[in-house]
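Trainee: Sharing a structure below in structure tokens format, with a few things to ask.
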Amino acid sequence: GENVGLHLPTLSVQEGDNSIINCAYSNSASDYFIWYKQESGKGPQFIIDIRSNMDKRQGQRVTVLLNKTVKHLSLQIAATQPGDSAVYFCAEKGQGGKLIFGQGTELSVKP
Amino acid sequence: NAGVTQTPKFQVLKTGQSMTLQCAQDMNHNSMYWYRQDPGMGLRLIYYSASEGTTDKGEVPNGYNVSRLNKREFSLRLESAAPSQTSVYFCASSEWVGGERAFFGQGTRLTVV
């Protein structure tokens, strides 16, 4: 039968604005979280990660925030550029000690 | 530095046919992984190999087998392909067993008709 896929959440931002992509995770015992960027037709690319003993970690133009109280993770991209257009995945290290990926959010940057 | 290389990039199979997806990494990583990605969904772990000589099931192993041929290579085999296995397959490698900061290949787009 036909495979009807889920529609990804989409975030549309203006070039130069800041982007915030959110992710809710499921396991309060998860101790490691990671963000990947996936451009069309390519494999996921590592952006930034954070361990549960931290609340915030900064990279180049990106910041990851972790709120363990509400099991929420966010990725902030400063001065968003057209090259940032992609699908962004969060993942948590689950009970089996392996990464569990979220559904993904599609970021669209308008010039 | 090629990173993680997957072959083939595209493949069409008939139901019941078999095939092997190849993956090789040149980063001297101990751990390697096979994921599948379906439309609108995140990646799901099929099998992984924590180190040379070991393999373990992931979240969705049914219908697949793997071989860790050596430290560099990790192959995924479909013995009798089914339409439900139509997907994009990604191989990844990591220094760590948990898959932290894993590097991914470019993917194999498989269609089973």
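All residue names refer to the structure tokens as shown: chains lettered A, B, ... in order, residues numbered from 1 in each chain, ligands numbered from 1 in order.
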Please determine the contact residues of chain B with respect to chain A at a cut-off of 7 Å, counting only C-alpha atoms, and supply them as a VMD selection string.
Mentor: chain B and resid 39 to 43 98 to 99 101 103 to 107
Trainee: Find the residues around Tyr47 (chain B) up to 10 Å (only C-alpha atoms counted), leave out those fewer than 5 positions away in its own chain, and share them as a PDB file with all heavy atoms, in the first residue's frame.
Mentor:
```pdb
ATOM      1  N   MET B  32      30.079   0.975  14.784  1.00  0.00           N
ATOM      2  CA  MET B  32      29.397   1.268  13.526  1.00  0.00           C
ATOM      3  C   MET B  32      27.933   0.909  13.662  1.00  0.00           C
ATOM      4  O   MET B  32      27.552   0.048  14.472  1.00  0.00           O
ATOM      5  CB  MET B  32      30.044   0.512  12.357  1.00  0.00           C
ATOM      6  CG  MET B  32      31.494   0.927  12.123  1.00  0.00           C
ATOM      7  SD  MET B  32      32.259   0.184  10.683  1.00  0.00           S
ATOM      8  CE  MET B  32      31.434   1.080   9.341  1.00  0.00           C
ATOM      9  N   TYR B  33      27.093   1.576  12.836  1.00  0.00           N
ATOM     10  CA  TYR B  33      25.641   1.499  12.992  1.00  0.00           C
ATOM     11  C   TYR B  33      24.962   1.480  11.630  1.00  0.00           C
ATOM     12  O   TYR B  33      25.447   2.080  10.681  1.00  0.00           O
ATOM     13  CB  TYR B  33      25.121   2.736  13.758  1.00  0.00           C
ATOM     14  CG  TYR B  33      25.854   2.980  15.047  1.00  0.00           C
ATOM     15  CD1 TYR B  33      27.064   3.653  15.052  1.00  0.00           C
ATOM     16  CD2 TYR B  33      25.346   2.509  16.250  1.00  0.00           C
ATOM     17  CE1 TYR B  33      27.762   3.858  16.231  1.00  0.00           C
ATOM     18  CE2 TYR B  33      26.033   2.709  17.427  1.00  0.00           C
ATOM     19  CZ  TYR B  33      27.237   3.381  17.405  1.00  0.00           C
ATOM     20  OH  TYR B  33      27.935   3.575  18.578  1.00  0.00           O
ATOM     21  N   TRP B  34      23.792   0.831  11.595  1.00  0.00           N
ATOM     22  CA  TRP B  34      22.903   0.931  10.444  1.00  0.00           C
ATOM     23  C   TRP B  34      21.549   1.462  10.919  1.00  0.00           C
ATOM     24  O   TRP B  34      20.956   0.925  11.859  1.00  0.00           O
ATOM     25  CB  TRP B  34      22.687  -0.419   9.763  1.00  0.00           C
ATOM     26  CG  TRP B  34      23.770  -0.771   8.799  1.00  0.00           C
ATOM     27  CD1 TRP B  34      24.780  -1.672   8.963  1.00  0.00           C
ATOM     28  CD2 TRP B  34      23.947  -0.229   7.489  1.00  0.00           C
ATOM     29  NE1 TRP B  34      25.576  -1.717   7.839  1.00  0.00           N
ATOM     30  CE2 TRP B  34      25.076  -0.840   6.918  1.00  0.00           C
ATOM     31  CE3 TRP B  34      23.251   0.720   6.723  1.00  0.00           C
ATOM     32  CZ2 TRP B  34      25.537  -0.540   5.632  1.00  0.00           C
ATOM     33  CZ3 TRP B  34      23.703   1.018   5.455  1.00  0.00           C
ATOM     34  CH2 TRP B  34      24.832   0.384   4.916  1.00  0.00           C
ATOM     35  N   TYR B  35      21.101   2.536  10.243  1.00  0.00           N
ATOM     36  CA  TYR B  35      19.808   3.138  10.520  1.00  0.00           C
ATOM     37  C   TYR B  35      18.954   3.100   9.255  1.00  0.00           C
ATOM     38  O   TYR B  35      19.465   3.088   8.149  1.00  0.00           O
ATOM     39  CB  TYR B  35      19.964   4.610  10.913  1.00  0.00           C
ATOM     40  CG  TYR B  35      20.610   4.873  12.246  1.00  0.00           C
ATOM     41  CD1 TYR B  35      21.993   5.010  12.358  1.00  0.00           C
ATOM     42  CD2 TYR B  35      19.836   5.032  13.395  1.00  0.00           C
ATOM     43  CE1 TYR B  35      22.584   5.280  13.578  1.00  0.00           C
ATOM     44  CE2 TYR B  35      20.418   5.300  14.623  1.00  0.00           C
ATOM     45  CZ  TYR B  35      21.798   5.431  14.699  1.00  0.00           C
ATOM     46  OH  TYR B  35      22.370   5.707  15.916  1.00  0.00           O
ATOM     47  N   THR B  55      28.205  -7.824  17.029  1.00  0.00           N
ATOM     48  CA  THR B  55      27.048  -7.145  16.459  1.00  0.00           C
ATOM     49  C   THR B  55      25.861  -7.339  17.391  1.00  0.00           C
ATOM     50  O   THR B  55      25.777  -8.366  18.089  1.00  0.00           O
ATOM     51  CB  THR B  55      26.669  -7.683  15.060  1.00  0.00           C
ATOM     52  OG1 THR B  55      26.346  -9.074  15.152  1.00  0.00           O
ATOM     53  CG2 THR B  55      27.812  -7.496  14.062  1.00  0.00           C
ATOM     54  N   ASP B  56      24.960  -6.372  17.400  1.00  0.00           N
ATOM     55  CA  ASP B  56      23.773  -6.447  18.259  1.00  0.00           C
ATOM     56  C   ASP B  56      22.585  -5.825  17.567  1.00  0.00           C
ATOM     57  O   ASP B  56      22.743  -4.939  16.717  1.00  0.00           O
ATOM     58  CB  ASP B  56      24.022  -5.714  19.580  1.00  0.00           C
ATOM     59  CG  ASP B  56      24.896  -6.498  20.511  1.00  0.00           C
ATOM     60  OD1 ASP B  56      24.406  -7.517  21.054  1.00  0.00           O
ATOM     61  OD2 ASP B  56      26.057  -6.121  20.693  1.00  0.00           O
ATOM     62  N   LYS B  57      21.394  -6.289  17.963  1.00  0.00           N
ATOM     63  CA  LYS B  57      20.161  -5.764  17.385  1.00  0.00           C
ATOM     64  C   LYS B  57      19.851  -4.387  17.935  1.00  0.00           C
ATOM     65  O   LYS B  57      20.120  -4.092  19.097  1.00  0.00           O
ATOM     66  CB  LYS B  57      18.998  -6.709  17.710  1.00  0.00           C
ATOM     67  CG  LYS B  57      19.124  -8.076  17.073  1.00  0.00           C
ATOM     68  CD  LYS B  57      17.957  -8.966  17.478  1.00  0.00           C
ATOM     69  CE  LYS B  57      18.092 -10.342  16.831  1.00  0.00           C
ATOM     70  NZ  LYS B  57      16.985 -11.246  17.224  1.00  0.00           N
ATOM     71  N   GLY B  58      19.256  -3.585  17.060  1.00  0.00           N
ATOM     72  CA  GLY B  58      18.755  -2.289  17.463  1.00  0.00           C
ATOM     73  C   GLY B  58      17.255  -2.331  17.634  1.00  0.00           C
ATOM     74  O   GLY B  58      16.676  -3.350  18.036  1.00  0.00           O
ATOM     75  N   GLU B  59      16.615  -1.238  17.256  1.00  0.00           N
ATOM     76  CA  GLU B  59      15.179  -1.089  17.458  1.00  0.00           C
ATOM     77  C   GLU B  59      14.343  -1.885  16.448  1.00  0.00           C
ATOM     78  O   GLU B  59      13.289  -2.416  16.778  1.00  0.00           O
ATOM     79  CB  GLU B  59      14.835   0.403  17.351  1.00  0.00           C
ATOM     80  CG  GLU B  59      13.399   0.782  17.590  1.00  0.00           C
ATOM     81  CD  GLU B  59      13.171   2.267  17.332  1.00  0.00           C
ATOM     82  OE1 GLU B  59      14.154   3.006  17.096  1.00  0.00           O
ATOM     83  OE2 GLU B  59      12.002   2.690  17.341  1.00  0.00           O
ATOM     84  N   VAL B  60      14.829  -1.984  15.193  1.00  0.00           N
ATOM     85  CA  VAL B  60      14.041  -2.602  14.119  1.00  0.00           C
ATOM     86  C   VAL B  60      14.880  -3.614  13.325  1.00  0.00           C
ATOM     87  O   VAL B  60      15.124  -3.432  12.128  1.00  0.00           O
ATOM     88  CB  VAL B  60      13.439  -1.526  13.181  1.00  0.00           C
ATOM     89  CG1 VAL B  60      12.322  -0.776  13.862  1.00  0.00           C
ATOM     90  CG2 VAL B  60      14.517  -0.560  12.693  1.00  0.00           C
ATOM     91  N   PRO B  61      15.305  -4.720  13.926  1.00  0.00           N
ATOM     92  CA  PRO B  61      16.224  -5.646  13.255  1.00  0.00           C
ATOM     93  C   PRO B  61      15.578  -6.674  12.329  1.00  0.00           C
ATOM     94  O   PRO B  61      16.273  -7.297  11.518  1.00  0.00           O
ATOM     95  CB  PRO B  61      16.878  -6.376  14.435  1.00  0.00           C
ATOM     96  CG  PRO B  61      15.790  -6.402  15.469  1.00  0.00           C
ATOM     97  CD  PRO B  61      15.051  -5.100  15.313  1.00  0.00           C
ATOM     98  N   ASN B  62      14.263  -6.859  12.439  1.00  0.00           N
ATOM     99  CA  ASN B  62      13.619  -7.945  11.700  1.00  0.00           C
ATOM    100  C   ASN B  62      13.753  -7.767  10.203  1.00  0.00           C
ATOM    101  O   ASN B  62      13.462  -6.708   9.654  1.00  0.00           O
ATOM    102  CB  ASN B  62      12.138  -8.037  12.084  1.00  0.00           C
ATOM    103  CG  ASN B  62      11.949  -8.521  13.501  1.00  0.00           C
ATOM    104  OD1 ASN B  62      12.894  -9.022  14.116  1.00  0.00           O
ATOM    105  ND2 ASN B  62      10.763  -8.349  14.035  1.00  0.00           N
ATOM    106  N   TYR B  64      16.634  -8.209   8.568  1.00  0.00           N
ATOM    107  CA  TYR B  64      17.998  -7.781   8.246  1.00  0.00           C
ATOM    108  C   TYR B  64      19.024  -8.659   8.945  1.00  0.00           C
ATOM    109  O   TYR B  64      18.760  -9.227   9.995  1.00  0.00           O
ATOM    110  CB  TYR B  64      18.233  -6.336   8.694  1.00  0.00           C
ATOM    111  CG  TYR B  64      17.242  -5.333   8.169  1.00  0.00           C
ATOM    112  CD1 TYR B  64      16.130  -4.965   8.936  1.00  0.00           C
ATOM    113  CD2 TYR B  64      17.417  -4.729   6.929  1.00  0.00           C
ATOM    114  CE1 TYR B  64      15.226  -4.033   8.468  1.00  0.00           C
ATOM    115  CE2 TYR B  64      16.515  -3.792   6.457  1.00  0.00           C
ATOM    116  CZ  TYR B  64      15.416  -3.455   7.235  1.00  0.00           C
ATOM    117  OH  TYR B  64      14.515  -2.525   6.761  1.00  0.00           O
ATOM    118  N   ASN B  65      20.200  -8.707   8.345  1.00  0.00           N
ATOM    119  CA  ASN B  65      21.365  -9.299   8.986  1.00  0.00           C
ATOM    120  C   ASN B  65      22.556  -8.393   8.719  1.00  0.00           C
ATOM    121  O   ASN B  65      22.556  -7.635   7.755  1.00  0.00           O
ATOM    122  CB  ASN B  65      21.663 -10.694   8.444  1.00  0.00           C
ATOM    123  CG  ASN B  65      20.704 -11.733   8.989  1.00  0.00           C
ATOM    124  OD1 ASN B  65      20.620 -11.937  10.198  1.00  0.00           O
ATOM    125  ND2 ASN B  65      19.962 -12.368   8.107  1.00  0.00           N
ATOM    126  N   VAL B  66      23.562  -8.486   9.590  1.00  0.00           N
ATOM    127  CA  VAL B  66      24.747  -7.646   9.419  1.00  0.00           C
ATOM    128  C   VAL B  66      26.005  -8.476   9.575  1.00  0.00           C
ATOM    129  O   VAL B  66      25.994  -9.558  10.156  1.00  0.00           O
ATOM    130  CB  VAL B  66      24.784  -6.491  10.443  1.00  0.00           C
ATOM    131  CG1 VAL B  66      23.697  -5.460  10.154  1.00  0.00           C
ATOM    132  CG2 VAL B  66      24.692  -7.011  11.868  1.00  0.00           C
ATOM    133  N   SER B  67      27.084  -7.914   9.031  1.00  0.00           N
ATOM    134  CA  SER B  67      28.404  -8.512   9.209  1.00  0.00           C
ATOM    135  C   SER B  67      29.417  -7.408   9.442  1.00  0.00           C
ATOM    136  O   SER B  67      29.465  -6.450   8.660  1.00  0.00           O
ATOM    137  CB  SER B  67      28.813  -9.309   7.955  1.00  0.00           C
ATOM    138  OG  SER B  67      27.962 -10.398   7.745  1.00  0.00           O
ATOM    139  N   LEU B  76      25.121  -4.567   5.606  1.00  0.00           N
ATOM    140  CA  LEU B  76      23.727  -4.849   5.969  1.00  0.00           C
ATOM    141  C   LEU B  76      23.120  -5.682   4.850  1.00  0.00           C
ATOM    142  O   LEU B  76      23.165  -5.287   3.687  1.00  0.00           O
ATOM    143  CB  LEU B  76      22.943  -3.546   6.119  1.00  0.00           C
ATOM    144  CG  LEU B  76      21.458  -3.672   6.446  1.00  0.00           C
ATOM    145  CD1 LEU B  76      21.258  -4.146   7.886  1.00  0.00           C
ATOM    146  CD2 LEU B  76      20.739  -2.336   6.237  1.00  0.00           C
ATOM    147  N   CYS B  91      24.476   4.427   7.135  1.00  0.00           N
ATOM    148  CA  CYS B  91      25.513   3.827   7.955  1.00  0.00           C
ATOM    149  C   CYS B  91      26.200   4.949   8.723  1.00  0.00           C
ATOM    150  O   CYS B  91      26.314   6.078   8.215  1.00  0.00           O
ATOM    151  CB  CYS B  91      26.514   3.091   7.059  1.00  0.00           C
ATOM    152  SG  CYS B  91      27.919   2.379   7.922  1.00  0.00           S
TER     153      CYS B  91
END
```
Trainee: Figure out the distance between CA of Leu107 (chain A) and CA of Gln38 (chain A), please, to one decimal in Å.
Mentor: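 CA of Leu107 (chain A) lies at a distance of 10.3 Å from CA of Gln38 (chain A).
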Trainee: Arg51 (chain A): which residues within 6 Å, counting only C-alpha atoms, same-chain residues fewer than 2 positions away excluded, as number ranges by chain?
Mentor: A: 31-32, 53-54
Trainee: What is the distance, in Å and to one decimal place, between CA of Ala78 (chain A) and CA of Asn18 (chain A)?
Mentor: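 These atoms are spaced 4.6 Å apart.
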Trainee: Please return as a PyMOL selection string: the residues of region 14-83 of chain B that backbone DSSP assigns to strand (DSSP E or B).
Mentor: chain B and resi 19-25+31-37+43-49+56-57+64-68+73-78
Trainee: Save out the residues we just selected, N, CA, C and O atoms, as a CSV table (one decimal), in the first residue's frame.
Mentor:
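Saved to part.csv:
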```
chain,number,residue,atom,x,y,z
B,19,MET,N,19.9,-8.5,-1.2
B,19,MET,CA,21.0,-7.6,-1.6
B,19,MET,C,21.8,-7.3,-0.3
B,19,MET,O,21.3,-7.4,0.8
B,20,THR,N,23.0,-6.8,-0.5
B,20,THR,CA,23.9,-6.3,0.6
B,20,THR,C,24.3,-4.9,0.4
B,20,THR,O,24.7,-4.5,-0.7
B,21,LEU,N,24.1,-4.1,1.5
B,21,LEU,CA,24.5,-2.7,1.4
B,21,LEU,C,25.9,-2.7,2.1
B,21,LEU,O,26.1,-3.2,3.2
B,22,GLN,N,26.8,-2.0,1.5
B,22,GLN,CA,28.2,-1.9,2.0
B,22,GLN,C,28.4,-0.6,2.6
B,22,GLN,O,27.9,0.5,2.2
B,23,CYS,N,29.3,-0.6,3.7
B,23,CYS,CA,29.7,0.6,4.4
B,23,CYS,C,31.1,0.5,4.8
B,23,CYS,O,31.5,-0.6,5.3
B,24,ALA,N,31.9,1.5,4.6
B,24,ALA,CA,33.2,1.5,5.1
B,24,ALA,C,33.6,2.9,5.7
B,24,ALA,O,33.1,3.9,5.2
B,25,GLN,N,34.4,2.9,6.8
B,25,GLN,CA,34.8,4.2,7.4
B,25,GLN,C,36.3,4.1,7.5
B,25,GLN,O,36.9,3.1,7.7
B,31,SER,N,33.0,1.7,16.7
B,31,SER,CA,31.6,1.4,16.6
B,31,SER,C,31.0,1.8,15.3
B,31,SER,O,31.2,2.9,14.8
B,32,MET,N,30.1,1.0,14.8
B,32,MET,CA,29.4,1.3,13.5
B,32,MET,C,27.9,0.9,13.7
B,32,MET,O,27.6,0.0,14.5
B,33,TYR,N,27.1,1.6,12.8
B,33,TYR,CA,25.6,1.5,13.0
B,33,TYR,C,25.0,1.5,11.6
B,33,TYR,O,25.4,2.1,10.7
B,34,TRP,N,23.8,0.8,11.6
B,34,TRP,CA,22.9,0.9,10.4
B,34,TRP,C,21.5,1.5,10.9
B,34,TRP,O,21.0,0.9,11.9
B,35,TYR,N,21.1,2.5,10.2
B,35,TYR,CA,19.8,3.1,10.5
B,35,TYR,C,19.0,3.1,9.3
B,35,TYR,O,19.5,3.1,8.1
B,36,ARG,N,17.6,3.2,9.5
B,36,ARG,CA,16.7,3.4,8.3
B,36,ARG,C,16.0,4.7,8.6
B,36,ARG,O,15.7,5.0,9.8
B,37,GLN,N,15.6,5.4,7.6
B,37,GLN,CA,14.9,6.7,7.7
B,37,GLN,C,13.7,6.6,6.7
B,37,GLN,O,13.9,6.5,5.5
B,43,LEU,N,15.6,8.8,12.4
B,43,LEU,CA,16.3,7.6,12.1
B,43,LEU,C,16.0,6.5,13.2
B,43,LEU,O,16.0,6.8,14.4
B,44,ARG,N,15.9,5.3,12.7
B,44,ARG,CA,15.7,4.1,13.6
B,44,ARG,C,16.8,3.1,13.5
B,44,ARG,O,17.2,2.8,12.4
B,45,LEU,N,17.4,2.7,14.6
B,45,LEU,CA,18.5,1.9,14.6
B,45,LEU,C,18.1,0.4,14.2
B,45,LEU,O,17.3,-0.2,14.9
B,46,ILE,N,18.8,-0.1,13.3
B,46,ILE,CA,18.6,-1.5,12.8
B,46,ILE,C,19.5,-2.5,13.6
B,46,ILE,O,19.0,-3.4,14.2
B,47,TYR,N,20.8,-2.3,13.4
B,47,TYR,CA,21.8,-3.1,14.0
B,47,TYR,C,23.0,-2.2,14.3
B,47,TYR,O,23.2,-1.2,13.7
B,48,TYR,N,23.8,-2.6,15.2
B,48,TYR,CA,25.1,-1.9,15.5
B,48,TYR,C,26.2,-2.9,15.8
B,48,TYR,O,25.9,-4.1,16.2
B,49,SER,N,27.4,-2.4,15.8
B,49,SER,CA,28.6,-3.2,16.1
B,49,SER,C,29.4,-2.3,17.0
B,49,SER,O,30.0,-1.3,16.6
B,56,ASP,N,25.0,-6.4,17.4
B,56,ASP,CA,23.8,-6.4,18.3
B,56,ASP,C,22.6,-5.8,17.6
B,56,ASP,O,22.7,-4.9,16.7
B,57,LYS,N,21.4,-6.3,18.0
B,57,LYS,CA,20.2,-5.8,17.4
B,57,LYS,C,19.9,-4.4,17.9
B,57,LYS,O,20.1,-4.1,19.1
B,64,TYR,N,16.6,-8.2,8.6
B,64,TYR,CA,18.0,-7.8,8.2
B,64,TYR,C,19.0,-8.7,8.9
B,64,TYR,O,18.8,-9.2,10.0
B,65,ASN,N,20.2,-8.7,8.3
B,65,ASN,CA,21.4,-9.3,9.0
B,65,ASN,C,22.6,-8.4,8.7
B,65,ASN,O,22.6,-7.6,7.8
B,66,VAL,N,23.6,-8.5,9.6
B,66,VAL,CA,24.7,-7.6,9.4
B,66,VAL,C,26.0,-8.5,9.6
B,66,VAL,O,26.0,-9.6,10.2
B,67,SER,N,27.1,-7.9,9.0
B,67,SER,CA,28.4,-8.5,9.2
B,67,SER,C,29.4,-7.4,9.4
B,67,SER,O,29.5,-6.5,8.7
B,68,ARG,N,30.2,-7.6,10.5
B,68,ARG,CA,31.3,-6.6,10.7
B,68,ARG,C,32.5,-7.3,10.2
B,68,ARG,O,33.1,-8.1,10.8
B,73,GLU,N,34.7,-2.0,7.9
B,73,GLU,CA,33.6,-2.4,7.1
B,73,GLU,C,32.4,-3.0,7.9
B,73,GLU,O,32.7,-4.0,8.7
B,74,PHE,N,31.2,-2.6,7.6
B,74,PHE,CA,30.0,-3.1,8.3
B,74,PHE,C,28.9,-3.2,7.2
B,74,PHE,O,28.5,-2.2,6.7
B,75,SER,N,28.5,-4.4,6.9
B,75,SER,CA,27.5,-4.6,5.8
B,75,SER,C,26.1,-4.9,6.4
B,75,SER,O,26.0,-5.5,7.4
B,76,LEU,N,25.1,-4.6,5.6
B,76,LEU,CA,23.7,-4.8,6.0
B,76,LEU,C,23.1,-5.7,4.9
B,76,LEU,O,23.2,-5.3,3.7
B,77,ARG,N,22.5,-6.8,5.2
B,77,ARG,CA,22.0,-7.7,4.2
B,77,ARG,C,20.5,-7.9,4.4
B,77,ARG,O,20.0,-8.1,5.5
B,78,LEU,N,19.8,-7.8,3.2
B,78,LEU,CA,18.3,-8.1,3.2
B,78,LEU,C,18.2,-9.4,2.5
B,78,LEU,O,18.6,-9.5,1.3
```
Trainee: Write out as a ChimeraX atom specification the residues lying within 8 Å of region 86-88 of chain B, counting only C-alpha atoms and excluding same-chain residues fewer than 2 positions away.
Mentor: /B:36-38,82-84,90,107-112
Trainee: Could you list, as a list in words, every residue within 8 Å of region 57-68 of chain A, counting only C-alpha atoms and ignoring same-chain residues fewer than 3 positions away?
Mentor: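 Once the adjacent positions are removed, what remains is Ser28, Ile48, Asp49, Ile50, Ser52, Met54, Lys71, His72, Leu73, Ser74, Leu75, Gln76, Ile77, Ala78 and Ala79 of chain A.
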Trainee: Kindly give the distance, in Å, that separates CA of Tyr25 (chain A) and CA of Val4 (chain B), rounded to a single decimal.
Mentor: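 It comes out at 28.0 Å.
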